[in-house]
Amino acid sequence: MTAAIAFSGLSSAGCASTASARAPAASASGSLDVNPDYAEFAQELNREAGLPEAAVLATLRKAKVQQSILDAMSRPAEAKPWKDYRPIFLTEKRIADGIAFYQANRELIERAADEFGVAPEIIVAIIGVETSYGRNYGSYKVLDALVTLAFHYPPRSRFFRGELRQLFLLGDTHMAYPIDELVGSYAGAMGWGQFIPTSVANFARDYDGDGRIDLWNSLPDIIGSVANYFSVHGWQKGQAVAVRATVASDARPISPEGLQPVYPVEQLKEWGYSSIDPVDPAQAATWLRLDGADGNEDWLTFQNFYVISRYNRSPLYSMAVWQLSQAIAGGLPRAAP
């Protein structure tokens with residue numbers, strides 16, 4: 001494992017030392033014919049938020065509808081089984097880089113973790129899973145992605161129209177760069193922590209106190225925002241996330257809906273679902289079965305696992321983040337006695 005690594009020229013003290021780390025335009029702007037949908041959207045923003053219609057339309061004209069975004073939406077990684085999904089994120093390199101990132105920014109990470117009541121390794125793991133510690137936060141203009149999905153992707157057009165609306169409401173004063181320059185994923189997620197616009201509005205923090213939120217070039221803002229996200233969603237510091245379980249051959253059939261912990265551990269045990277490691281019998285949990293490399297994996301998952309899923313609702317995602325966090329924490333040098 002590597003002992004040190006450069007992360008896009010950033011330091012925990014603030015912003016990047018090189019211009020290349022700025023969130024630039026990802027590609028040349030394309031033209032966008034004003035159709036009734038775009039006109040209606042501009043009128044809606046004018047009516048509800050007072051934004052000038054002409055200014056909204058002028059910004060929309062800078063967007064480029066991209067087929068590659070629509071194609072990417074049809075092949076999410078979460079469609080893979082756990083045995084194929086896990087190796088994407090639990091690699092020696094990602095673990096080693098996570099340890100190096102933690103060590104290089106320990107004071108900042110642990111300060112934010114303590115302030116927000118979150119496990120520090122979880123903050124690091126999220127950034128590792130989302131963008132490989134800032135190396136790959138996407139190459140699409142956020143405006144391109146959201147316009148494409150809001151008006152040309154019917155299955156989730158309502159959701160992405162809401163995100164596009166929020167992007168306009170963020171404005172240039174809330175973010176570090178103009179909204180038509182922001183770069184992110186094909187789904188419009190931004191920065192090292194991959195925040196969609198509503199997450200920026202609700203959870204992002206100006207943690208370096210410079211009066212703006214920069215999720216690309218300010219490690220304090222990046223780390224503080226991720227920590228705040230977990231805090232607001234109910235992270236329980238020091239509590240369990242998930243434990244392996246055994247299922248009796250005569251276990252009572254249950255079909256949990258979602259990842260919310262709704263069964264007391266002692267009740268699950270009576271039904272035939274027993275944790276391998278000791279846990280509080282009164283603690284709420286749920287049962288999860290994954291298709292592992294060596295067959296079925298049975299787990300009991302808790303509130304903190306559910307909190308991770310607020311970032312991405314797939315149980316595979318939550319499990320990858322948690323296991324990466326454990327690998328990172330396990331690889332950190334022990335503190336001197």
# chains A, B, ... in the order shown; residues from 1 in each chain; ligands from 1

$ residues_around --residues "Val124 (chain A)" --least-positions-apart "3" --cutoff "12 Å" --atoms "only C-alpha atoms" --output "VMD selection string"
chain A and resid 94 to 106 108 to 110 112 to 113 118 to 121 127 to 134 192 to 193 219 222 to 224 226 to 227 321 to 329

$ select_by_dssp --residues "region 91-328 of chain A" --states "strand (DSSP E or B)" --output "count of residues only"
35

$ closest_residue --among "A:Asn35, A:Ser74, A:Gln303, A:Ser157" --to "Trp235 (chain A)" --atoms "only C-alpha atoms"
A:Gln303

$ residues_around --residues "region 253-265 of chain A" --least-positions-apart "5" --cutoff "8 Å" --atoms "only C-alpha atoms" --output "PyMOL selection string"
chain A and resi 274+279-287+301-303+305-306+309+315

$ write_last_selection --atoms "N, CA and C atoms" --output "PDB file, in the first residue's frame"
ATOM      1  N   SER A 274     -30.161 -15.075  12.963  1.00  0.00           N
ATOM      2  CA  SER A 274     -29.277 -14.812  14.095  1.00  0.00           C
ATOM      3  C   SER A 274     -27.988 -14.140  13.643  1.00  0.00           C
ATOM      4  N   VAL A 279     -24.756  -8.382  19.251  1.00  0.00           N
ATOM      5  CA  VAL A 279     -25.379  -7.077  19.060  1.00  0.00           C
ATOM      6  C   VAL A 279     -26.472  -6.918  20.108  1.00  0.00           C
ATOM      7  N   ASP A 280     -26.847  -5.682  20.361  1.00  0.00           N
ATOM      8  CA  ASP A 280     -27.906  -5.391  21.319  1.00  0.00           C
ATOM      9  C   ASP A 280     -29.208  -6.056  20.860  1.00  0.00           C
ATOM     10  N   PRO A 281     -29.764  -6.961  21.666  1.00  0.00           N
ATOM     11  CA  PRO A 281     -30.983  -7.665  21.230  1.00  0.00           C
ATOM     12  C   PRO A 281     -32.175  -6.754  21.005  1.00  0.00           C
ATOM     13  N   ALA A 282     -32.157  -5.576  21.621  1.00  0.00           N
ATOM     14  CA  ALA A 282     -33.277  -4.651  21.448  1.00  0.00           C
ATOM     15  C   ALA A 282     -33.105  -3.734  20.242  1.00  0.00           C
ATOM     16  N   GLN A 283     -31.915  -3.755  19.630  1.00  0.00           N
ATOM     17  CA  GLN A 283     -31.648  -2.865  18.514  1.00  0.00           C
ATOM     18  C   GLN A 283     -32.463  -3.257  17.293  1.00  0.00           C
ATOM     19  N   ALA A 284     -32.987  -2.269  16.590  1.00  0.00           N
ATOM     20  CA  ALA A 284     -33.768  -2.536  15.389  1.00  0.00           C
ATOM     21  C   ALA A 284     -32.848  -2.893  14.225  1.00  0.00           C
ATOM     22  N   ALA A 285     -33.277  -3.855  13.440  1.00  0.00           N
ATOM     23  CA  ALA A 285     -32.486  -4.332  12.301  1.00  0.00           C
ATOM     24  C   ALA A 285     -33.425  -4.810  11.209  1.00  0.00           C
ATOM     25  N   THR A 286     -32.843  -5.176  10.097  1.00  0.00           N
ATOM     26  CA  THR A 286     -33.579  -5.884   9.067  1.00  0.00           C
ATOM     27  C   THR A 286     -32.655  -6.923   8.456  1.00  0.00           C
ATOM     28  N   TRP A 287     -33.228  -7.810   7.679  1.00  0.00           N
ATOM     29  CA  TRP A 287     -32.463  -8.916   7.081  1.00  0.00           C
ATOM     30  C   TRP A 287     -32.207  -8.609   5.613  1.00  0.00           C
ATOM     31  N   THR A 301     -28.813  -5.744   9.035  1.00  0.00           N
ATOM     32  CA  THR A 301     -28.364  -4.367   8.827  1.00  0.00           C
ATOM     33  C   THR A 301     -29.157  -3.432   9.731  1.00  0.00           C
ATOM     34  N   PHE A 302     -28.528  -2.289  10.086  1.00  0.00           N
ATOM     35  CA  PHE A 302     -29.065  -1.418  11.113  1.00  0.00           C
ATOM     36  C   PHE A 302     -29.285  -0.002  10.579  1.00  0.00           C
ATOM     37  N   GLN A 303     -29.591   0.911  11.494  1.00  0.00           N
ATOM     38  CA  GLN A 303     -29.885   2.287  11.112  1.00  0.00           C
ATOM     39  C   GLN A 303     -28.779   2.913  10.283  1.00  0.00           C
ATOM     40  N   PHE A 305     -26.669   1.542   8.280  1.00  0.00           N
ATOM     41  CA  PHE A 305     -26.699   0.999   6.915  1.00  0.00           C
ATOM     42  C   PHE A 305     -27.782   1.710   6.110  1.00  0.00           C
ATOM     43  N   TYR A 306     -28.922   1.924   6.744  1.00  0.00           N
ATOM     44  CA  TYR A 306     -30.010   2.651   6.092  1.00  0.00           C
ATOM     45  C   TYR A 306     -29.585   4.081   5.762  1.00  0.00           C
ATOM     46  N   SER A 309     -27.706   4.301   2.686  1.00  0.00           N
ATOM     47  CA  SER A 309     -28.579   4.132   1.522  1.00  0.00           C
ATOM     48  C   SER A 309     -29.301   5.414   1.136  1.00  0.00           C
ATOM     49  N   PRO A 315     -28.878  -1.549  -1.921  1.00  0.00           N
ATOM     50  CA  PRO A 315     -28.166  -2.188  -0.802  1.00  0.00           C
ATOM     51  C   PRO A 315     -26.736  -2.561  -1.161  1.00  0.00           C
TER      52      PRO A 315
END

$ select_by_dssp --residues "region 50-258 of chain A" --states "alpha helix (DSSP H)" --output "PyMOL selection string"
chain A and resi 53-60+67-73+82-89+92-104+106-116+120-131+142-152+157-174+197-203+219-232

$ closest_residue --among "A:Leu164, A:Ser218, A:Gly295, A:Ala245" --to "Pro278 (chain A)" --atoms "only C-alpha atoms"
A:Ala245
